[in-house]
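**Q** Contents of model-v8.csv (CSV, C-alpha atoms and all ligand atoms) are given next:
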```
chain,number,residue,atom,x,y,z
A,1,MET,CA,0.0,0.0,0.0
A,2,LEU,CA,2.8,2.4,1.0
A,3,GLN,CA,4.7,1.6,-2.2
A,4,ILE,CA,1.6,2.4,-4.3
A,5,ARG,CA,1.2,5.7,-2.5
A,6,ILE,CA,4.9,6.6,-3.1
A,7,LYS,CA,4.5,5.8,-6.8
A,8,VAL,CA,1.4,7.9,-7.1
A,9,TRP,CA,3.2,10.8,-5.2
A,10,CYS,CA,6.2,10.6,-7.5
A,11,TYR,CA,4.0,10.5,-10.6
A,12,ARG,CA,2.1,13.6,-9.5
A,13,ALA,CA,5.3,15.4,-8.6
A,14,ALA,CA,6.8,14.6,-12.0
A,15,MET,CA,3.6,15.8,-13.8
A,16,ARG,CA,3.5,19.0,-11.8
A,17,LEU,CA,7.1,19.7,-12.7
A,18,PHE,CA,6.7,18.7,-16.3
A,19,TRP,CA,3.6,21.0,-16.7
A,20,ALA,CA,5.0,23.9,-14.6
A,21,PRO,CA,4.4,27.0,-16.7
A,22,SER,CA,8.0,28.1,-16.8
A,23,ILE,CA,9.2,24.7,-18.1
A,24,ARG,CA,6.2,24.2,-20.5
A,25,GLU,CA,6.9,27.6,-22.1
A,26,LEU,CA,10.7,27.5,-22.1
A,27,ALA,CA,11.5,23.9,-23.0
A,28,PRO,CA,10.3,24.1,-26.6
A,29,ARG,CA,12.3,27.3,-27.2
A,30,ALA,CA,15.4,25.7,-25.5
A,31,PHE,CA,15.1,22.6,-27.7
A,32,PHE,CA,14.6,24.7,-30.8
A,33,LEU,CA,17.6,26.9,-30.2
A,34,ASP,CA,19.7,23.9,-29.3
A,35,ALA,CA,18.8,22.2,-32.6
A,36,ALA,CA,19.2,25.3,-34.6
A,37,PHE,CA,22.8,26.0,-33.3
A,38,ARG,CA,23.6,22.3,-33.6
A,39,VAL,CA,22.6,22.2,-37.3
A,40,LEU,CA,24.3,25.6,-38.0
A,41,ALA,CA,27.5,24.4,-36.3
A,42,PHE,CA,27.4,21.0,-38.1
A,43,ASN,CA,26.9,22.6,-41.5
A,44,GLY,CA,29.6,25.2,-40.9
A,45,ILE,CA,27.2,28.2,-41.1
A,46,GLY,CA,29.0,31.0,-39.2
A,47,GLY,CA,27.6,34.4,-38.2
A,48,ASP,CA,25.9,36.1,-35.3
A,49,TYR,CA,22.7,35.6,-33.3
A,50,LEU,CA,20.2,38.5,-33.8
A,51,GLU,CA,17.2,38.7,-31.5
A,52,PHE,CA,14.3,41.1,-32.1
A,53,GLY,CA,12.3,41.2,-28.9
A,54,SER,CA,14.3,40.3,-25.8
A,55,HIS,CA,12.1,41.5,-22.9
A,56,GLY,CA,13.0,39.2,-20.0
A,57,GLY,CA,16.1,37.8,-21.6
A,58,ARG,CA,14.9,34.2,-21.6
A,59,THR,CA,15.5,33.3,-25.2
A,60,PHE,CA,18.6,35.4,-25.2
A,61,SER,CA,20.1,33.4,-22.3
A,62,LEU,CA,19.0,30.1,-24.0
A,63,ALA,CA,20.6,31.1,-27.2
A,64,HIS,CA,23.9,31.9,-25.4
A,65,GLN,CA,23.8,28.5,-23.7
A,66,SER,CA,23.4,26.7,-27.0
A,67,ILE,CA,26.2,28.8,-28.6
A,68,THR,CA,28.4,27.9,-25.7
A,69,ARG,CA,27.5,24.2,-25.9
A,70,TYR,CA,28.6,24.0,-29.5
A,71,LYS,CA,31.7,26.0,-28.9
A,72,TYR,CA,31.0,28.1,-31.9
A,73,ALA,CA,32.1,31.7,-31.3
A,74,ARG,CA,29.3,34.1,-32.2
A,75,HIS,CA,28.3,37.5,-31.2
A,76,LEU,CA,24.8,38.1,-29.8
A,77,TRP,CA,22.6,41.1,-30.6
A,78,SER,CA,19.5,42.2,-28.8
A,79,PHE,CA,17.1,44.6,-30.5
A,80,ASP,CA,14.4,45.9,-28.2
A,81,SER,CA,12.8,49.2,-27.2
A,82,PHE,CA,13.3,48.2,-23.5
A,83,GLU,CA,10.1,50.0,-23.0
A,84,GLY,CA,7.7,47.3,-24.1
A,85,LEU,CA,5.4,47.1,-27.1
A,86,PRO,CA,5.1,50.2,-29.3
A,87,LYS,CA,1.8,52.0,-30.1
A,88,SER,CA,-0.1,49.8,-32.5
A,89,ARG,CA,-0.1,50.5,-36.2
A,90,PRO,CA,-2.8,49.2,-38.6
A,91,GLY,CA,-2.9,45.4,-38.6
A,92,ASP,CA,-1.3,45.0,-35.2
A,93,GLU,CA,-4.6,44.4,-33.3
A,94,HIS,CA,-4.5,41.3,-31.0
A,95,PRO,CA,-6.1,40.9,-27.6
A,96,GLN,CA,-2.6,40.2,-26.0
A,97,TRP,CA,-0.6,43.0,-27.7
A,98,VAL,CA,-1.0,46.0,-25.4
A,99,GLN,CA,1.1,49.1,-25.7
A,100,ARG,CA,4.0,49.3,-23.2
A,101,SER,CA,3.4,45.7,-22.0
A,102,MET,CA,6.4,43.3,-21.8
A,103,ALA,CA,8.8,46.1,-20.8
A,104,THR,CA,12.1,45.2,-19.3
A,105,GLY,CA,14.4,48.1,-18.7
A,106,LEU,CA,17.9,48.1,-20.1
A,107,ASP,CA,19.7,47.9,-16.7
A,108,GLU,CA,17.5,45.0,-15.8
A,109,PHE,CA,18.3,43.3,-19.1
A,110,HIS,CA,22.0,43.6,-18.4
A,111,ALA,CA,21.5,42.2,-14.9
A,112,ILE,CA,19.6,39.2,-16.4
A,113,CYS,CA,22.5,38.6,-18.8
A,114,ARG,CA,25.0,38.9,-16.0
A,115,ALA,CA,23.0,36.4,-13.9
A,116,SER,CA,22.7,34.0,-16.8
A,117,GLY,CA,26.4,34.1,-17.5
A,118,VAL,CA,26.3,36.0,-20.8
A,119,PRO,CA,29.6,37.9,-20.9
A,120,ARG,CA,29.2,41.6,-21.6
A,121,GLY,CA,31.8,41.5,-24.4
A,122,GLN,CA,29.8,38.9,-26.3
A,123,TYR,CA,26.7,40.8,-26.9
A,124,SER,CA,25.5,44.2,-28.2
A,125,VAL,CA,22.2,45.9,-27.4
A,126,ILE,CA,20.4,48.2,-29.8
A,127,ALA,CA,17.8,50.0,-27.7
A,128,GLY,CA,14.8,51.8,-29.3
A,129,TYR,CA,11.8,51.3,-31.4
A,130,TYR,CA,12.6,49.6,-34.6
A,131,GLU,CA,11.1,52.3,-36.8
A,132,GLN,CA,13.9,54.6,-35.6
A,133,SER,CA,16.6,52.3,-34.2
A,134,LEU,CA,17.0,50.0,-37.2
A,135,ALA,CA,17.0,52.7,-39.8
A,136,GLY,CA,19.3,55.0,-37.7
A,137,MET,CA,22.0,52.4,-36.9
A,138,ASP,CA,25.6,53.4,-37.4
A,139,PRO,CA,26.7,51.4,-40.5
A,140,ALA,CA,30.0,50.6,-38.8
A,141,ALA,CA,28.2,49.1,-35.8
A,142,GLN,CA,25.7,46.9,-37.6
A,143,PRO,CA,25.7,43.1,-37.8
A,144,VAL,CA,26.9,42.0,-41.2
A,145,ASP,CA,27.0,38.2,-40.9
A,146,VAL,CA,23.8,36.6,-39.5
A,147,ALA,CA,23.5,32.9,-38.7
A,148,LEU,CA,20.2,33.0,-36.8
A,149,ALA,CA,17.6,35.7,-36.6
A,150,TYR,CA,15.1,35.1,-33.8
A,151,ILE,CA,12.1,37.4,-34.3
A,152,ASP,CA,10.0,37.7,-31.1
A,153,CYS,CA,8.4,41.1,-31.5
A,154,ASP,CA,4.7,40.0,-31.8
A,155,LEU,CA,3.4,42.7,-34.0
A,156,LEU,CA,2.9,42.9,-37.8
A,157,SER,CA,4.4,46.4,-38.0
A,158,SER,CA,7.4,45.5,-35.9
A,159,THR,CA,8.1,42.3,-38.0
A,160,ARG,CA,7.8,44.3,-41.2
A,161,ASP,CA,10.5,46.7,-39.9
A,162,VAL,CA,12.7,43.7,-38.8
A,163,LEU,CA,12.4,41.9,-42.2
A,164,ARG,CA,13.2,45.1,-44.1
A,165,PHE,CA,16.4,45.3,-42.0
A,166,LEU,CA,17.2,41.7,-42.5
A,167,SER,CA,16.6,41.7,-46.3
A,168,PRO,CA,20.1,42.8,-47.4
A,169,ARG,CA,21.6,40.4,-44.7
A,170,LEU,CA,20.0,37.2,-46.0
A,171,LYS,CA,22.5,34.5,-46.8
A,172,HIS,CA,22.3,30.8,-47.8
A,173,GLY,CA,22.0,28.5,-44.9
A,174,MET,CA,21.0,31.0,-42.2
A,175,ILE,CA,17.8,30.4,-40.1
A,176,LEU,CA,14.9,32.8,-39.6
A,177,ALA,CA,12.8,31.9,-36.6
A,178,PHE,CA,9.4,33.5,-35.7
A,179,ASP,CA,8.3,33.1,-32.1
A,180,ASP,CA,4.8,34.3,-32.8
A,181,TYR,CA,4.1,32.6,-36.1
A,182,PHE,CA,0.9,30.9,-34.8
A,183,ARG,CA,-0.5,33.8,-32.8
A,184,TRP,CA,-3.6,34.8,-34.7
A,185,SER,CA,-6.8,36.4,-33.5
A,186,SER,CA,-10.5,36.1,-34.3
A,187,GLU,CA,-10.1,39.0,-36.7
A,188,SER,CA,-6.7,38.5,-38.2
A,189,VAL,CA,-3.9,36.1,-39.2
A,190,SER,CA,-0.7,36.1,-37.2
A,191,GLY,CA,1.1,39.4,-37.7
A,192,GLU,CA,4.5,37.7,-37.9
A,193,ARG,CA,3.2,35.3,-40.5
A,194,GLN,CA,1.5,38.0,-42.5
A,195,ALA,CA,4.8,40.0,-42.6
A,196,PHE,CA,6.8,36.9,-43.5
A,197,VAL,CA,4.4,36.0,-46.4
A,198,GLU,CA,4.6,39.5,-47.8
A,199,PHE,CA,8.4,39.5,-47.5
A,200,SER,CA,8.9,36.0,-49.0
A,201,GLU,CA,6.5,36.6,-51.9
A,202,GLY,CA,8.6,39.6,-53.0
A,203,MET,CA,11.8,37.5,-53.1
A,204,SER,CA,13.1,36.0,-56.3
A,205,ASP,CA,16.7,35.3,-55.1
A,206,TRP,CA,15.8,33.4,-52.0
A,207,ARG,CA,13.5,30.6,-51.0
A,208,PHE,CA,12.5,29.6,-47.4
A,209,LEU,CA,12.6,26.0,-46.5
A,210,PRO,CA,10.3,25.2,-43.5
A,211,TYR,CA,12.6,23.9,-40.8
A,212,LYS,CA,11.0,23.4,-37.3
A,213,SER,CA,7.9,24.5,-35.6
A,214,PHE,CA,8.4,24.9,-31.8
A,215,GLY,CA,6.0,25.0,-28.9
A,216,TRP,CA,2.5,26.0,-29.7
A,217,HIS,CA,3.5,29.3,-31.3
A,218,GLY,CA,6.8,29.3,-33.2
A,219,MET,CA,8.0,28.4,-36.7
A,220,SER,CA,11.4,28.6,-38.4
A,221,PHE,CA,12.8,28.5,-42.0
A,222,VAL,CA,16.2,27.9,-43.6
A,223,VAL,CA,17.1,30.5,-46.1
A,224,GLU,CA,18.2,29.0,-49.4
A,225,ARG,CA,19.6,30.7,-52.5
A,226,ALA,CA,17.0,30.2,-55.2
A,227,ASN,CA,19.5,29.4,-58.0
A,228,LEU,CA,21.1,26.4,-56.2
A,229,ASN,CA,20.0,23.0,-57.3
A,230,ALA,CA,17.8,21.2,-54.7
A,231,THR,CA,14.4,19.8,-54.4
A,232,THR,CA,11.7,22.4,-54.5
A,233,ALA,CA,11.2,23.9,-51.0
A,234,THR,CA,7.6,24.0,-49.8
A,235,PRO,CA,6.5,27.6,-50.2
A,236,ALA,CA,6.7,29.5,-46.9
A,237,ASN,CA,3.0,30.4,-47.1
A,238,SER,CA,1.7,26.9,-47.7
B,301,LIG,C1,7.4,38.7,-26.3
B,301,LIG,S1,8.5,39.9,-25.8
B,301,LIG,C2,10.1,39.1,-26.1
B,301,LIG,C3,10.3,38.0,-25.1
B,301,LIG,C4,11.8,37.5,-25.0
B,301,LIG,N1,12.2,36.9,-26.2
B,301,LIG,C5,12.1,36.7,-23.8
B,301,LIG,O1,12.5,35.5,-24.0
B,301,LIG,O2,11.8,37.1,-22.7
B,301,LIG,C6,8.4,41.1,-27.1
B,301,LIG,C7,9.4,42.2,-27.1
B,301,LIG,O3,9.4,42.9,-28.3
B,301,LIG,C8,9.7,44.2,-28.2
B,301,LIG,N2,9.2,45.0,-29.3
B,301,LIG,C9,8.1,44.7,-30.1
B,301,LIG,N3,7.9,45.6,-31.1
B,301,LIG,C10,9.0,46.4,-31.0
B,301,LIG,C11,9.5,47.5,-31.8
B,301,LIG,N4,8.8,48.0,-32.8
B,301,LIG,N5,10.6,48.1,-31.4
B,301,LIG,C12,11.4,47.7,-30.4
B,301,LIG,N6,11.0,46.6,-29.6
B,301,LIG,C13,9.8,46.0,-29.9
B,301,LIG,C14,9.0,44.6,-26.9
B,301,LIG,O4,9.6,45.6,-26.2
B,301,LIG,C15,9.0,43.3,-26.0
B,301,LIG,O5,10.1,43.3,-25.1
```
Starting from the file, lay out its structure as structure tokens.
**A**
Amino acid sequence: MLQIRIKVWCYRAAMRLFWAPSIRELAPRAFFLDAAFRVLAFNGIGGDYLEFGSHGGRTFSLAHQSITRYKYARHLWSFDSFEGLPKSRPGDEHPQWVQRSMATGLDEFHAICRASGVPRGQYSVIAGYYEQSLAGMDPAAQPVDVALAYIDCDLLSSTRDVLRFLSPRLKHGMILAFDDYFRWSSESVSGERQAFVEFSEGMSDWRFLPYKSFGWHGMSFVVERANLNATTATPANS
């Protein structure tokens, strides 16, 4: 009888741990980032990690852990307002996207990085709303070689700004990941997906090979040069 009780207790404890919100939300991102850096390292695709939307530093820290695991020296870049979501522009409407929500101040972000073991010299922060910060970046201080761009800025308008910035930085073999690819509403499709479909439809030099979906929300693509021989990639908007 006691043995059965202990087994039931252990089972319940394991289930509670397994379904704890922090683990449930973070584990799929951790597995995705691990796989992405593993495949990039394996295939010899160098370059930096760019993150658009860093808020609480969770994915940033996970990315750093994966980079460290595969001993593949890369610089990390965080692009965020550090004041939360911007004012909505047309097409941004979603019940969860509220102006100024998800704000982590810059000092707090540095403190999170420190606590997570991300060395200050290994990352750069570009603070400000993308409309101004991306267009106004000093050309000498911009990332040029990108291995993985992790787009976690929720809104259609923000994602459009980010993809415009990434457009001249696309290269064969890099990965584009969208954390909010499956966050639609009763009135609209996902803003990140809408922006990506518009972006990919305008591209003749590049195609986007679906790579991995992650969690209940994310999707990723490998960028391929369109003139290279390969089997036809599934269109990004299929
Ligand atoms: C969902 S949170 C990011 C979560 C983060 N990846 C983490 O792991 O904690 C979205 C972030 O995108 C940022 N963001 C969205 N649109 C932006 C814009 N146009 N300019 C700058 N930051 C923006 C917000 O400030 C917010 O911190």
**Q** For the atom pair CA of Leu85 (chain A) and atom O2 of ligand LIG 301 (chain B), what is the interatomic distance in Å to one decimal place?
**A** 12.7 Å
**Q** With only C-alpha atoms and all ligand atoms as the atoms that count, which of A:Thr59, A:Ser213, A:Thr159, A:Ser66 lies nearest to ligand LIG 301 (chain B)?
**A**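 With only C-alpha atoms and all ligand atoms as the atom set, the closest residue is A:Thr59.
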**Q** Give me, as a list in words, all polymer residues having an atom no more than 7 Å from Tyr130 (chain A), counting only C-alpha atoms and skipping those fewer than 3 positions away in the same chain.
**A** Ser133, Leu134, Ser158 and Asp161 of chain A
**Q** Neighbours of ligand LIG 301 (chain B) within 9 Å, counting only C-alpha atoms and all ligand atoms, as JSON, numbers by chain?
**A** {"A": [26, 29, 51, 52, 53, 54, 55, 56, 57, 58, 59, 60, 61, 62, 79, 80, 81, 82, 83, 84, 85, 86, 87, 100, 101, 102, 103, 104, 127, 128, 129, 130, 131, 132, 133, 134, 150, 151, 152, 153, 154, 155, 156, 157, 158, 159, 161, 162, 179, 180]}
**Q** With all atoms listed in the file as the basis for distance, which of A:Arg24, A:Arg193, A:His75, A:His64 is at the shortest distance from Ala177 (chain A)?
**A**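 Counting all atoms listed in the file, the residue closest to Ala177 (chain A) is A:Arg193.
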**Q** Go through A:Arg12, A:Arg183, A:Arg120, A:Arg74 one by one, measure the shortest atom-to-atom distance of each to Trp216 (chain A) using all atoms listed in the file, and give the residue with the smallest value.
**A**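 Using all atoms listed in the file, the shortest distance to Trp216 (chain A) belongs to A:Arg183.
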**Q** Of the candidates A:Ser185, A:Phe196, A:Val146, A:Pro21, which one gets nearest to Leu40 (chain A) if we count all atoms listed in the file?
**A** A:Val146
**Q** Kindly indicate which residue among A:Pro168, A:Pro119, A:Trp9, A:Ile126 lies nearest to Asp205 (chain A), using all atoms listed in the file for the distances.
**A** A:Pro168
